[in-house]
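Enquirer: Here it is, the structure in full.
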Amino acid sequence: MVVALLTDFGTKDGFVGAMKGVILSINPNVQIVDVSHEVEPFNILEGALLLKAHYRFFPKGTVFVCVVDPGVGSERRPLAVSCGGYFFVGPDNGIFDLALEDLGSEPKAVVIENRKFTLPEISRTFHGRDVFAPVAAHITRGVPVEELGRRVKYEQKLSLPETVREGKVVRGRIIHFDRFGNAITNVPCGNYSHGKVRGEEVKVVPFFQAGEKGKLNLICGSFGFMEIFTPMGSAKDTFGLKLGEEVVLLEA
Amino acid sequence: MVVALLTDFGTKDGFVGAMKGVILSINPNVQIVDVSHEVEPFNILEGALLLKAHYRFFPKGTVFVCVVDPGVGSERRPLAVSCGGYFFVGPDNGIFDLALEDLGSEPKAVVIENRKFTLPEISRTFHGRDVFAPVAAHITRGVPVEELGRRVKYEQKLSLPETVREGKVVRGRIIHFDRFGNAITNVPCGNYSHGKVRGEEVKVVPFFQAGEKGKLNLICGSFGFMEIFTPMGSAKDTFGLKLGEEVVLLEA
Amino acid sequence: MVVALLTDFGTKDGFVGAMKGVILSINPNVQIVDVSHEVEPFNILEGALLLKAHYRFFPKGTVFVCVVDPGVGSERRPLAVSCGGYFFVGPDNGIFDLALEDLGSEPKAVVIENRKFTLPEISRTFHGRDVFAPVAAHITRGVPVEELGRRVKYEQKLSLPETVREGKVVRGRIIHFDRFGNAITNVPCGNYSHGKVRGEEVKVVPFFQAGEKGKLNLICGSFGFMEIFTPMGSAKDTFGLKLGEEVVLLEA
């Protein structure tokens, strides 16, 4: 069984290590995978985007522990969700929404209340360690989601900014920059002839090396969205692209 | 069995990967967990603080390999320590001290001398790979600490700066900044009515979202110490807090 | 079995997590180790250097998935290589070259063509996930390299800049900076009396603490090359050393 971790905890303070210690105390045979711990602090939408981009490459049965949780310790509810053969554990703030939307089937959600499956002592600052990690470990041991707490209706809380379509023109925005400085947009991959960024026409190419050097180019990227890039360079740094900037795609 | 790694090696150069390769060459079935590799270079006290904060969330039997080791290759001694059901392997420079103090029981320490349990060739620059990783792997295979070398008395080398108490007033200092820019102090969690930072009164709140926005607040944090934070922001960056700055807590 | 990952993907976007999900979907019992994901984007030589430095500390049978791949999706060939008991999977751009050279024996190489061992759908932007991860997982399950595709002759594509020897003088260059700011050169460890950096004489010392404080020193480092360092500090930041700068070593 796999537990996959997605947080904004960073890796320098040992918070993720403590979560793994808790998980292995409960199930020593689990495979633990880091999706990312470099979600921008408190940026729930970015966490949701990363989860949506990658969850389907994990084996069925994987438990995703998703902790971007500015409301930790408040009245926000701790959730465990089963959907499409995957499990999702984390705060009720929308972080699962894009993945669940992608999965399409009805999520089965419970509010985690059964103290049998949390650490005995629950702090008000670190539910990743005290609630979500132990619950995930118990799920990998076969504890059904229903036993974790009270069944509730799952309500979607967030979504990506919508694209605007006028005929063959699709208008979207930059929603994320990846490690290479590529700008991921909210425009799903599709059959586009070309695009526009800052009013300038931009080529759509099938792979990175086909891009024009020193210029912006568009490509269907690994997130399943159109990306703006410059070959062997950072589109973000070289062209000063910003989150939220508009991109226009023209269907072929 | 779990081997938990805590170093100042960073993650870019492959040093940690080499340690893991060594461990898995000796025990292919071990679970390896990263506590942190982002300890500030040579900052033994920071490493000791992270170990103290997190060790108890790991299963008994975990071997902590702790390598913040500016003295590598010199006369400083390589140690293996058994205490309270945990094992600690690393240089004799105090990096285990805060965890051992927290454990309370008498540590059993040996100087690692038995070349049967190290790599055949020991460099003078990388004992994490050549000494500590293989020794940890052998411990997870059941090698008793006594067999690793000569028994010595464990001597504590470092401690956190002390807090100063005058009646209901406790004076402490900032000892660490976490990923979020929260300032961890050396004042243990307790029942405080309020605090003072830079002469200004600061509220003590039970969870992050209860804090006053745009202001400094105090909270009992995940390290077990009082932390200075600002909601949804970085206390460090927004207020320019510095390591060593004074904080005052007033008991309720 | 161990799969070791070496990429320039960084850790913030979840790309490495997706690769691990793919691997564990095919072989749930594999040990996955990160060598580094912080190779400078597109810097194949740096990736090759890290692989060379660390591969031999992994158990025989380890599959190294090496993805620094600016040519992804182009005509560049995806390779699987067996050599000296290890396996290497990645693009045909030279990233294995320094390790294979170090291994010395003749590599057996195939171009990955058998779609039975890749993901069903192969993107043109992320062969780490769609080709190299699944192929590596299948190798750990015993699939022979021959079954992955067509046998080809392995051709070396890159090498470190050469050192120049004149009598007892060896001239080399800085090829990498590690996390500590130590400058790794291309001069192999050897018996040197002293060295020169920027025309100034520099001591060769056996371990870091033997170095002169506040000065540059030379040491045989963990990469197997001579390194320029300053004790308890960053040679790179303190002295403004640059990649490619000359270093001179004098044999004893």
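Ordered as shown in the structure tokens, chains take letters A, B, and onward, while each chain numbers its residues from 1 and ligands are numbered from 1 in the order shown.
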Please provide the set of residues having any atom within 9 Å of Arg77 (chain C), restricted to only C-alpha atoms, with same-chain residues fewer than 5 positions apart removed, written as a PDB file with N, CA and C atoms, in the first residue's frame.

Expert:
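What follows is the written file out34.pdb:
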```
ATOM      1  N   VAL C  72      13.614  15.652 -24.712  1.00  0.00           N
ATOM      2  CA  VAL C  72      12.441  14.787 -24.568  1.00  0.00           C
ATOM      3  C   VAL C  72      11.425  15.034 -25.692  1.00  0.00           C
ATOM      4  N   GLY C  90      17.415   5.979 -19.330  1.00  0.00           N
ATOM      5  CA  GLY C  90      17.278   7.412 -19.557  1.00  0.00           C
ATOM      6  C   GLY C  90      17.554   7.760 -21.001  1.00  0.00           C
ATOM      7  N   PRO C  91      17.637   9.055 -21.288  1.00  0.00           N
ATOM      8  CA  PRO C  91      17.851   9.486 -22.664  1.00  0.00           C
ATOM      9  C   PRO C  91      19.288   9.245 -23.136  1.00  0.00           C
ATOM     10  N   ASP C  92      19.453   9.123 -24.425  1.00  0.00           N
ATOM     11  CA  ASP C  92      20.750   8.848 -25.042  1.00  0.00           C
ATOM     12  C   ASP C  92      21.510  10.161 -25.253  1.00  0.00           C
ATOM     13  N   ASN C  93      21.830  10.825 -24.160  1.00  0.00           N
ATOM     14  CA  ASN C  93      22.493  12.124 -24.303  1.00  0.00           C
ATOM     15  C   ASN C  93      23.802  12.206 -23.524  1.00  0.00           C
ATOM     16  N   VAL C 111      17.774   0.367 -27.354  1.00  0.00           N
ATOM     17  CA  VAL C 111      16.831   1.465 -27.520  1.00  0.00           C
ATOM     18  C   VAL C 111      15.461   0.955 -27.084  1.00  0.00           C
ATOM     19  N   ILE C 112      14.856   1.657 -26.138  1.00  0.00           N
ATOM     20  CA  ILE C 112      13.560   1.207 -25.602  1.00  0.00           C
ATOM     21  C   ILE C 112      12.496   1.377 -26.676  1.00  0.00           C
TER      22      ILE C 112
END
```

Enquirer: May I ask you to extract the residues of chain C within 7 Å of chain B, using only C-alpha atoms, and to give them as number ranges by chain?

Expert: C: 33-39, 50, 54, 57-59, 178-180, 206-207, 209, 221-222, 232

Enquirer: Filtering to N, CA, C and O atoms, could you give me those residues as a PDB file, in the first residue's frame?

Expert:
```pdb
ATOM      1  N   VAL C  33      15.024   5.314  -4.227  1.00  0.00           N
ATOM      2  CA  VAL C  33      15.947   6.248  -3.583  1.00  0.00           C
ATOM      3  C   VAL C  33      16.147   7.457  -4.496  1.00  0.00           C
ATOM      4  O   VAL C  33      16.347   7.311  -5.702  1.00  0.00           O
ATOM      5  N   ASP C  34      16.100   8.637  -3.923  1.00  0.00           N
ATOM      6  CA  ASP C  34      16.437   9.855  -4.660  1.00  0.00           C
ATOM      7  C   ASP C  34      17.941  10.096  -4.586  1.00  0.00           C
ATOM      8  O   ASP C  34      18.489  10.217  -3.491  1.00  0.00           O
ATOM      9  N   VAL C  35      18.600  10.147  -5.726  1.00  0.00           N
ATOM     10  CA  VAL C  35      20.003  10.576  -5.725  1.00  0.00           C
ATOM     11  C   VAL C  35      20.026  12.099  -5.674  1.00  0.00           C
ATOM     12  O   VAL C  35      20.580  12.700  -4.764  1.00  0.00           O
ATOM     13  N   SER C  36      19.404  12.716  -6.660  1.00  0.00           N
ATOM     14  CA  SER C  36      19.213  14.164  -6.621  1.00  0.00           C
ATOM     15  C   SER C  36      18.153  14.528  -7.647  1.00  0.00           C
ATOM     16  O   SER C  36      18.032  13.882  -8.688  1.00  0.00           O
ATOM     17  N   HIS C  37      17.367  15.534  -7.331  1.00  0.00           N
ATOM     18  CA  HIS C  37      16.470  16.114  -8.330  1.00  0.00           C
ATOM     19  C   HIS C  37      16.808  17.579  -8.552  1.00  0.00           C
ATOM     20  O   HIS C  37      16.064  18.305  -9.191  1.00  0.00           O
ATOM     21  N   GLU C  38      17.948  17.989  -8.023  1.00  0.00           N
ATOM     22  CA  GLU C  38      18.362  19.381  -8.083  1.00  0.00           C
ATOM     23  C   GLU C  38      19.512  19.580  -9.060  1.00  0.00           C
ATOM     24  O   GLU C  38      20.248  20.577  -8.958  1.00  0.00           O
ATOM     25  N   VAL C  39      19.684  18.643  -9.985  1.00  0.00           N
ATOM     26  CA  VAL C  39      20.621  18.918 -11.062  1.00  0.00           C
ATOM     27  C   VAL C  39      20.165  20.217 -11.724  1.00  0.00           C
ATOM     28  O   VAL C  39      18.964  20.450 -11.895  1.00  0.00           O
ATOM     29  N   LEU C  50      27.234  13.500 -10.916  1.00  0.00           N
ATOM     30  CA  LEU C  50      26.617  12.983  -9.689  1.00  0.00           C
ATOM     31  C   LEU C  50      26.447  11.465  -9.774  1.00  0.00           C
ATOM     32  O   LEU C  50      26.679  10.747  -8.801  1.00  0.00           O
ATOM     33  N   HIS C  54      28.362   8.597  -7.145  1.00  0.00           N
ATOM     34  CA  HIS C  54      27.611   7.867  -6.128  1.00  0.00           C
ATOM     35  C   HIS C  54      27.173   6.457  -6.498  1.00  0.00           C
ATOM     36  O   HIS C  54      26.792   5.689  -5.614  1.00  0.00           O
ATOM     37  N   PHE C  57      27.986   3.076  -4.539  1.00  0.00           N
ATOM     38  CA  PHE C  57      27.551   2.847  -3.162  1.00  0.00           C
ATOM     39  C   PHE C  57      26.175   2.174  -3.099  1.00  0.00           C
ATOM     40  O   PHE C  57      25.683   1.879  -2.022  1.00  0.00           O
ATOM     41  N   PHE C  58      25.591   1.942  -4.262  1.00  0.00           N
ATOM     42  CA  PHE C  58      24.292   1.250  -4.313  1.00  0.00           C
ATOM     43  C   PHE C  58      24.516  -0.249  -4.538  1.00  0.00           C
ATOM     44  O   PHE C  58      25.512  -0.641  -5.134  1.00  0.00           O
ATOM     45  N   PRO C  59      23.557  -1.058  -4.083  1.00  0.00           N
ATOM     46  CA  PRO C  59      23.716  -2.500  -4.283  1.00  0.00           C
ATOM     47  C   PRO C  59      23.674  -2.859  -5.763  1.00  0.00           C
ATOM     48  O   PRO C  59      22.992  -2.195  -6.558  1.00  0.00           O
ATOM     49  N   ASP C 178      29.343  22.151  -4.344  1.00  0.00           N
ATOM     50  CA  ASP C 178      28.391  21.383  -3.560  1.00  0.00           C
ATOM     51  C   ASP C 178      27.607  22.295  -2.631  1.00  0.00           C
ATOM     52  O   ASP C 178      27.768  23.516  -2.640  1.00  0.00           O
ATOM     53  N   ARG C 179      26.750  21.707  -1.837  1.00  0.00           N
ATOM     54  CA  ARG C 179      25.836  22.417  -0.957  1.00  0.00           C
ATOM     55  C   ARG C 179      26.552  23.350   0.008  1.00  0.00           C
ATOM     56  O   ARG C 179      26.011  24.369   0.410  1.00  0.00           O
ATOM     57  N   PHE C 180      27.772  22.961   0.384  1.00  0.00           N
ATOM     58  CA  PHE C 180      28.522  23.732   1.364  1.00  0.00           C
ATOM     59  C   PHE C 180      29.316  24.875   0.727  1.00  0.00           C
ATOM     60  O   PHE C 180      29.965  25.639   1.418  1.00  0.00           O
ATOM     61  N   PRO C 206      44.304  16.906   5.111  1.00  0.00           N
ATOM     62  CA  PRO C 206      43.655  15.586   5.068  1.00  0.00           C
ATOM     63  C   PRO C 206      42.186  15.589   5.489  1.00  0.00           C
ATOM     64  O   PRO C 206      41.455  14.676   5.156  1.00  0.00           O
ATOM     65  N   PHE C 207      41.772  16.587   6.256  1.00  0.00           N
ATOM     66  CA  PHE C 207      40.356  16.657   6.661  1.00  0.00           C
ATOM     67  C   PHE C 207      39.997  18.126   6.838  1.00  0.00           C
ATOM     68  O   PHE C 207      40.883  18.988   6.940  1.00  0.00           O
ATOM     69  N   GLN C 209      38.719  20.173   9.125  1.00  0.00           N
ATOM     70  CA  GLN C 209      39.128  21.008  10.255  1.00  0.00           C
ATOM     71  C   GLN C 209      40.628  21.300  10.277  1.00  0.00           C
ATOM     72  O   GLN C 209      41.076  22.171  11.025  1.00  0.00           O
ATOM     73  N   GLY C 221      38.131  15.079  -1.840  1.00  0.00           N
ATOM     74  CA  GLY C 221      36.726  15.126  -1.437  1.00  0.00           C
ATOM     75  C   GLY C 221      35.940  13.861  -1.753  1.00  0.00           C
ATOM     76  O   GLY C 221      36.462  12.900  -2.343  1.00  0.00           O
ATOM     77  N   SER C 222      34.675  13.890  -1.397  1.00  0.00           N
ATOM     78  CA  SER C 222      33.801  12.711  -1.488  1.00  0.00           C
ATOM     79  C   SER C 222      33.453  12.321  -2.918  1.00  0.00           C
ATOM     80  O   SER C 222      32.940  11.238  -3.159  1.00  0.00           O
ATOM     81  N   MET C 232      34.437  25.656   7.737  1.00  0.00           N
ATOM     82  CA  MET C 232      33.206  26.197   8.318  1.00  0.00           C
ATOM     83  C   MET C 232      32.632  27.348   7.494  1.00  0.00           C
ATOM     84  O   MET C 232      31.987  28.246   8.045  1.00  0.00           O
TER      85      MET C 232
END
```

Enquirer: Write down as an MDAnalysis selection string the residues belonging to region 2-216 of chain A that are assigned strand (DSSP E or B) by DSSP computed on the backbone.

Expert: chainID A and resid 2:7 31:36 63:67 78:83 86:91 108:112 149:152 164:166 169:177 183:188 192:197 200:204

Enquirer: Near Lys215 (chain B), counting only C-alpha atoms, which residues have an atom at most 12 Å away, once you skip same-chain residues fewer than 4 positions from it, shown as number ranges by chain?

Expert: B: 197, 200-204, 208, 210-211, 228-236, 238-239

Enquirer: I'd like to know which of C:Arg173, C:Lys157, C:Arg198, C:Arg115 is closest to Glu227 (chain C), using only C-alpha atoms.

Expert: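 Under the stated criterion, the closest residue is C:Arg173.
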
Enquirer: Can you pull out every residue within 9 Å of Arg150 (chain C), counting only C-alpha atoms, but drop anything in the same chain fewer than 3 positions away, and send it as a PyMOL selection string?

Expert: chain C and resi 109-114+146-147

Enquirer: Could you go through region 214-252 of chain A and tell me which residues DSSP, when run on the backbone, assigns to alpha helix (DSSP H), listing them as an MDAnalysis selection string?

Expert: chainID A and resid 235:239

Enquirer: Go ahead and compute the interatomic distance for CA of Val89 (chain C) and CA of Val187 (chain C), in Å to one decimal.

Expert: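 Separation between CA of Val89 (chain C) and CA of Val187 (chain C): 28.1 Å.
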
Enquirer: What's around Gly172 (chain B) at 9 Å? Count only C-alpha atoms, leave out sequence neighbours fewer than 4 positions away in its own chain, and write the answer as a count of residues only.

Expert: 14
